[in-house]
Amino acid sequence: MSFLYIKSRLHVSSTEMILCILFTLVAVPAESANILFATSFLSVSHQSVFQPIWKELSLRGHNVTAIALNPLHDKTLTNLTEIDLNYMYAQKKEVSKKWLRYFLEKPGFLQVFLKDILITYLFSIMHDNYFQQPVVQNIINGDQEFDVVIAEWLFPTLGAFSTRFKCPLIGITSLGAPIPALDSVGNPSHPVYSPDHNLPIGRELSLRDRILSTLYAIYVRVHYHLFVLPREDKTVKKYFGRDMPYIGDIERNISLLLLNRNLIIHKIMPVYPAVIELGNVRPIKVHKPLSSELKDFLDNSKNGVVYFSFGSNLLSSELPEEYIQAIIETFAKLPYNFVWKWEKDVLPGKPKNVFIQKWVSQTALLAHPNVKLFITQGGLQSLEETITNHVPIIGIPSHSDQTMNVDTAVKYGFGICIDFEDLTVETLEDAILRIMRNESYKQNVIKAEKLMNDLPTNGLNKAVWWIEYVIRHKGAPHLRSPALDIPWYQYLLLDVFALVVPILVVLIYIYYKIMKWLILLLKNCFSKNVKTKKE
Ligand SMILES: *[C@@H]1O[C@H](CO)[C@@H](O)[C@H](O)[C@H]1NC(C)=O
Ligand SMILES: *[C@@H]1O[C@H](CO)[C@@H](O)[C@H](O)[C@H]1NC(C)=O
């Protein structure tokens with residue numbers, strides 16, 4: 001009896017076990033996807049937006065392969081494989097040094113166009129170099145399979161991975177998107193109310209700005225289609241094989257475009273359903289601790305601290321000498337303490353009230369109660385961090401979206417903008433004193449922070465949700481913009497105008513003639529009537 005009982009128990013449990021195994025076999029591939037996250041732009045601030053996303057995807061059980069310029073190297077993330085390309089920064093250093101002077105200047109009218117030629121060219125060199133790397137070659141030629149490719153989308157080239165792995169493509173940026181990237185999802189970008197984010201213009205456009213923006217919007221597309229795409233197509237075919245489709249067709253197959261646009265910092269613009277605005281992706285309140293030396297310096301700065309950093313791309317120690325001297329002289333004059341992110345061992349002529357450090361845990365520093373002002377180049381990540389920590393800014397913008405970002409701070413009343421060419425002891429001293437002596441800057445940054453964080457969810461959750469959406473539905477063709485499937489002359493209504501305008505002209509002419517005739521007729525009748533009455 002008991003034997004039978006045991007046998008039946010055994011029987012049941014083995015069925016259960018088989019069911020269990022079957023379930024896991026069926027359930028795992030449905031829930032956990034193979035994700036390729038490919039990034040290419042050598043910039044810590046860009047990478048800092050992507051890192052939390054690939055980390056979170058791996059924590060949710062996806063098998064994530066990240067081609068990372070700044071890998072997390074976190075051994076606890078067992079579902080994450082990071083392809084380390086950090087060594088490529090060494091190559092970039094040489095290029096940046098050469099072009100620094102050029103990036104510092106706010107470009108003039110014509111320089112804006114030349115800059116686009118230069119930057120797209122540098123991007124092309126970078127991508128060719130990128131695909132050459134043995135670790136990237138291993139991915140291209142390997143036998144791994146992916147369910148979705150997430151590609152940094154300042155440029156279309158990485159989209160080739162999605163064709164290689166025959167899976168949906170998601171574009172992502174750590175800031176807004178340039179016009180060609182918006183075009184790839186068919187999103188409108190009006191030159192006056194949503195100008196390209198790389199233009200060195202503020203929120204309010206003067207007539208000169210509107211002309212610049214309009215010409216740029218036309219020029220950038222012509223250049224992109226005539227030169228940039230064919231060049232990238234060559235690169236793609238060189239590394240992925242001759243039979244790859246045209247990169248201009250691949251980019252239009254994109255399922256979603258995730259932009260790290262922040263509704264407070266960026267100028268608002270119309271977005272299609274396939275464009276997701278993230279914002280606040282990084283956990284700013286979580287930070288690495290300050291060095292004890294720096295912490296002591298901050299604790300003992302009773303008059304307040306001004307923090308000065310140009311971020312990770314533009315090294316302040318590489319600035320032209322006259323700027324460095326002006327900054328040193330200003331800091332020495334003022335009754336505050338200064339923390340300067342200075343990338344060398346010594347700062348010749350360093351005043352007593354200045355503390356230098358090569359790398360600073362910026363979020364921790366901004367969170368310190370004695371830090372009252374941040375002098376920044378106006379990068380998006382720095383702006384998010386300073387708003388979160390209620391620290392007003394002096395913005396000295398130099399390239400890409402920085403002019404627009406700093407203008408936001410000016411608009412909300414928590415910042416002052418100084419252009420590089422205006423950077424002198426007088427302008428800097430005046431700006432520092434104005435903010436340090438006036439409480440309203442602080443009040444305004446608090447207001448901006450309240451607005452910025454009043455959202456149903458943060459950018460990280462949003463990103464993960466939408467990526468999983470594309471995985472669940474194997475793409476999102478139903479979100480595709482109809483603008484992508486009509487020829488450009490139809491999009492611009494050229495055929496409609498070509499037909500309607502001549503007809504309208506003829507109709508108006510006929511109408512004019514008839515009216516003229518009618519009026520003449522009335523006039524005649526009227527004058528006859530008057531005449532007969534008089535008689
Ligand atoms: C790895 O993925 C599995 C599911 O595939 C999940 O159960 C586990 O928690 C993940 N581990 C980590 C450390 O993220
Ligand atoms: C675009 O996506 C569709 C469906 O996934 C696929 O059949 C087609 O080959 C893709 N085209 C290109 C150019 O990648």
# chains A, B, ... in the order shown; residues from 1 in each chain; ligands from 1

$ closest_atom_pairs --of "chain A" --to "ligand 1" --cutoff "10 Å" --atoms "only C-alpha atoms and all ligand atoms" --output "JSON lines"
{"residue": "A:Ala27", "atom": "CA", "partner": "ligand 1", "partner_atom_place_in_ligand_line": "5 (O)", "distance": 9.8}
{"residue": "A:Val28", "atom": "CA", "partner": "ligand 1", "partner_atom_place_in_ligand_line": "5 (O)", "distance": 6.6}
{"residue": "A:Pro29", "atom": "CA", "partner": "ligand 1", "partner_atom_place_in_ligand_line": "5 (O)", "distance": 8.7}
{"residue": "A:Glu31", "atom": "CA", "partner": "ligand 1", "partner_atom_place_in_ligand_line": "5 (O)", "distance": 7.9}
{"residue": "A:Ser32", "atom": "CA", "partner": "ligand 1", "partner_atom_place_in_ligand_line": "5 (O)", "distance": 5.7}
{"residue": "A:Ala33", "atom": "CA", "partner": "ligand 1", "partner_atom_place_in_ligand_line": "5 (O)", "distance": 8.6}
{"residue": "A:Lys55", "atom": "CA", "partner": "ligand 1", "partner_atom_place_in_ligand_line": "14 (O)", "distance": 8.3}
{"residue": "A:Glu56", "atom": "CA", "partner": "ligand 1", "partner_atom_place_in_ligand_line": "14 (O)", "distance": 8.2}
{"residue": "A:Leu57", "atom": "CA", "partner": "ligand 1", "partner_atom_place_in_ligand_line": "14 (O)", "distance": 8.3}
{"residue": "A:Ser58", "atom": "CA", "partner": "ligand 1", "partner_atom_place_in_ligand_line": "14 (O)", "distance": 5.2}
{"residue": "A:Leu59", "atom": "CA", "partner": "ligand 1", "partner_atom_place_in_ligand_line": "14 (O)", "distance": 3.5}
{"residue": "A:Arg60", "atom": "CA", "partner": "ligand 1", "partner_atom_place_in_ligand_line": "14 (O)", "distance": 6.1}
{"residue": "A:Gly61", "atom": "CA", "partner": "ligand 1", "partner_atom_place_in_ligand_line": "2 (O)", "distance": 3.4}
{"residue": "A:His62", "atom": "CA", "partner": "ligand 1", "partner_atom_place_in_ligand_line": "5 (O)", "distance": 6.0}
{"residue": "A:Asn63", "atom": "CA", "partner": "ligand 1", "partner_atom_place_in_ligand_line": "2 (O)", "distance": 7.0}
{"residue": "A:Val64", "atom": "CA", "partner": "ligand 1", "partner_atom_place_in_ligand_line": "1 (C)", "distance": 9.8}
{"residue": "A:Asp74", "atom": "CA", "partner": "ligand 1", "partner_atom_place_in_ligand_line": "13 (C)", "distance": 10.0}
{"residue": "A:Lys75", "atom": "CA", "partner": "ligand 1", "partner_atom_place_in_ligand_line": "13 (C)", "distance": 8.9}
{"residue": "A:Thr76", "atom": "CA", "partner": "ligand 1", "partner_atom_place_in_ligand_line": "13 (C)", "distance": 5.7}
{"residue": "A:Leu77", "atom": "CA", "partner": "ligand 1", "partner_atom_place_in_ligand_line": "13 (C)", "distance": 4.6}
{"residue": "A:Thr78", "atom": "CA", "partner": "ligand 1", "partner_atom_place_in_ligand_line": "13 (C)", "distance": 4.8}
{"residue": "A:Asn79", "atom": "CA", "partner": "ligand 1", "partner_atom_place_in_ligand_line": "1 (C)", "distance": 4.9}
{"residue": "A:Leu80", "atom": "CA", "partner": "ligand 1", "partner_atom_place_in_ligand_line": "14 (O)", "distance": 7.8}

$ residues_around --residues "A:Val49" --least-positions-apart "4" --cutoff "9 Å" --atoms "only C-alpha atoms" --output "list in words"
Val44, Ser45, Ile53, Thr173, Ser174, Leu175, Asn260, Asn280, Val281, Arg282 and Gln381 of chain A

$ closest_residue --among "A:Arg221, A:Lys333, A:Lys106, A:His73" --to "A:Asp422" --atoms "only C-alpha atoms"
A:Lys106

$ residues_near_ligand --ligand "ligand 2" --cutoff "7 Å" --atoms "only C-alpha atoms and all ligand atoms" --output "list in words"
Thr163, Cys167, Pro168, Pro245, Tyr246, Asp249, Ile250 and Asn253 of chain A

$ closest_residue --among "A:Gln362, A:Ser481, A:Thr388, A:Thr120" --to "A:Pro289" --atoms "only C-alpha atoms"
A:Gln362

$ select_by_dssp --residues "stretch 281-461 of chain A" --states "strand (DSSP E or B)" --output "NGL selection string"
:A and (305-309 or 337-341 or 354-357 or 371-376 or 393-395 or 415-417)

$ residues_around --residues "A:Leu259" --least-positions-apart "4" --cutoff "8 Å" --atoms "only C-alpha atoms" --output "number ranges by chain"
A: 172-177, 275-279

$ closest_residue --among "A:Tyr193, A:Phe123, A:Trp54, A:Tyr272" --to "A:Pro482" --atoms "only C-alpha atoms"
A:Tyr272

$ residues_around --residues "A:Phe308" --least-positions-apart "2" --cutoff "6 Å" --atoms "only C-alpha atoms" --output "compact mmCIF listing (two decimals) with all heavy atoms, in the first residue's frame"
# COMPACT_ATOMS: atom_id res chain seq x y z
N TRP A 340 38.21 73.28 -9.08
CA TRP A 340 38.46 73.32 -10.53
C TRP A 340 38.82 71.91 -10.98
O TRP A 340 39.79 71.35 -10.51
CB TRP A 340 39.61 74.30 -10.79
CG TRP A 340 39.95 74.56 -12.23
CD1 TRP A 340 39.69 73.78 -13.30
CD2 TRP A 340 40.64 75.70 -12.74
NE1 TRP A 340 40.16 74.35 -14.45
CE2 TRP A 340 40.76 75.54 -14.14
CE3 TRP A 340 41.19 76.86 -12.17
CZ2 TRP A 340 41.39 76.47 -14.96
CZ3 TRP A 340 41.82 77.78 -12.99
CH2 TRP A 340 41.91 77.59 -14.37
N PHE A 374 27.91 76.69 -10.27
CA PHE A 374 28.60 75.75 -11.15
C PHE A 374 28.93 76.49 -12.45
O PHE A 374 28.04 76.99 -13.11
CB PHE A 374 27.68 74.55 -11.39
CG PHE A 374 28.23 73.46 -12.29
CD1 PHE A 374 29.58 73.38 -12.61
CD2 PHE A 374 27.37 72.48 -12.79
CE1 PHE A 374 30.07 72.37 -13.43
CE2 PHE A 374 27.85 71.47 -13.61
CZ PHE A 374 29.20 71.42 -13.93
N ILE A 375 30.22 76.57 -12.76
CA ILE A 375 30.62 77.14 -14.06
C ILE A 375 30.84 75.97 -15.00
O ILE A 375 31.71 75.13 -14.77
CB ILE A 375 31.90 77.98 -13.93
CG1 ILE A 375 31.71 79.08 -12.88
CG2 ILE A 375 32.27 78.61 -15.29
CD1 ILE A 375 32.96 79.90 -12.61

$ atom_distance --atom1 "atom CA of A:Asp454" --atom2 "atom CA of A:Ile201"
27.9 Å

$ residues_around --residues "A:Ile170" --least-positions-apart "4" --cutoff "10 Å" --atoms "only C-alpha atoms" --output "PyMOL selection string"
chain A and resi 37+148-153+159+162+251+253-258+274+466-467+470+475-476

$ closest_residue --among "A:Met404, A:Ile247, A:Ile83, A:Val346" --to "A:Pro200" --atoms "only C-alpha atoms"
A:Met404

$ residues_around --residues "A:Thr235" --least-positions-apart "6" --cutoff "9 Å" --atoms "only C-alpha atoms" --output "MDAnalysis selection string"
chainID A and resid 124 127:128 131 157

$ write_last_selection --atoms "all heavy atoms" --output "PDB file, in the first residue's frame"
ATOM      1  N   SER A 124      32.706  59.579 -39.992  1.00  0.00           N
ATOM      2  CA  SER A 124      32.963  58.508 -40.955  1.00  0.00           C
ATOM      3  C   SER A 124      34.271  57.802 -40.652  1.00  0.00           C
ATOM      4  O   SER A 124      34.338  56.570 -40.668  1.00  0.00           O
ATOM      5  CB  SER A 124      33.026  59.081 -42.368  1.00  0.00           C
ATOM      6  OG  SER A 124      31.757  59.492 -42.756  1.00  0.00           O
ATOM      7  N   HIS A 127      33.780  55.591 -37.649  1.00  0.00           N
ATOM      8  CA  HIS A 127      33.045  54.341 -37.856  1.00  0.00           C
ATOM      9  C   HIS A 127      33.879  53.302 -38.598  1.00  0.00           C
ATOM     10  O   HIS A 127      33.803  52.117 -38.308  1.00  0.00           O
ATOM     11  CB  HIS A 127      31.724  54.605 -38.572  1.00  0.00           C
ATOM     12  CG  HIS A 127      30.668  55.070 -37.620  1.00  0.00           C
ATOM     13  ND1 HIS A 127      30.113  56.317 -37.673  1.00  0.00           N
ATOM     14  CD2 HIS A 127      30.115  54.462 -36.549  1.00  0.00           C
ATOM     15  CE1 HIS A 127      29.253  56.452 -36.684  1.00  0.00           C
ATOM     16  NE2 HIS A 127      29.228  55.348 -35.986  1.00  0.00           N
ATOM     17  N   ASP A 128      34.674  53.784 -39.543  1.00  0.00           N
ATOM     18  CA  ASP A 128      35.537  52.852 -40.254  1.00  0.00           C
ATOM     19  C   ASP A 128      36.503  52.190 -39.269  1.00  0.00           C
ATOM     20  O   ASP A 128      36.678  50.970 -39.263  1.00  0.00           O
ATOM     21  CB  ASP A 128      36.314  53.616 -41.339  1.00  0.00           C
ATOM     22  CG  ASP A 128      37.063  52.675 -42.253  1.00  0.00           C
ATOM     23  OD1 ASP A 128      36.393  51.998 -43.041  1.00  0.00           O
ATOM     24  OD2 ASP A 128      38.293  52.594 -42.139  1.00  0.00           O
ATOM     25  N   PHE A 131      34.626  49.575 -36.884  1.00  0.00           N
ATOM     26  CA  PHE A 131      34.338  48.241 -37.419  1.00  0.00           C
ATOM     27  C   PHE A 131      35.604  47.407 -37.601  1.00  0.00           C
ATOM     28  O   PHE A 131      35.548  46.191 -37.682  1.00  0.00           O
ATOM     29  CB  PHE A 131      33.594  48.348 -38.751  1.00  0.00           C
ATOM     30  CG  PHE A 131      32.181  48.840 -38.621  1.00  0.00           C
ATOM     31  CD1 PHE A 131      31.691  49.830 -39.453  1.00  0.00           C
ATOM     32  CD2 PHE A 131      31.331  48.308 -37.659  1.00  0.00           C
ATOM     33  CE1 PHE A 131      30.378  50.279 -39.336  1.00  0.00           C
ATOM     34  CE2 PHE A 131      30.018  48.750 -37.542  1.00  0.00           C
ATOM     35  CZ  PHE A 131      29.549  49.740 -38.373  1.00  0.00           C
ATOM     36  N   THR A 157      25.058  54.516 -39.204  1.00  0.00           N
ATOM     37  CA  THR A 157      25.919  53.404 -39.592  1.00  0.00           C
ATOM     38  C   THR A 157      25.735  52.132 -38.759  1.00  0.00           C
ATOM     39  O   THR A 157      25.752  51.023 -39.288  1.00  0.00           O
ATOM     40  CB  THR A 157      27.390  53.858 -39.543  1.00  0.00           C
ATOM     41  OG1 THR A 157      27.441  55.200 -40.001  1.00  0.00           O
ATOM     42  CG2 THR A 157      28.260  52.999 -40.409  1.00  0.00           C
TER      43      THR A 157
END

$ closest_residue --among "A:Asn138, A:Glu468, A:Gly186, A:Arg242" --to "A:Pro487" --atoms "only C-alpha atoms"
A:Gly186
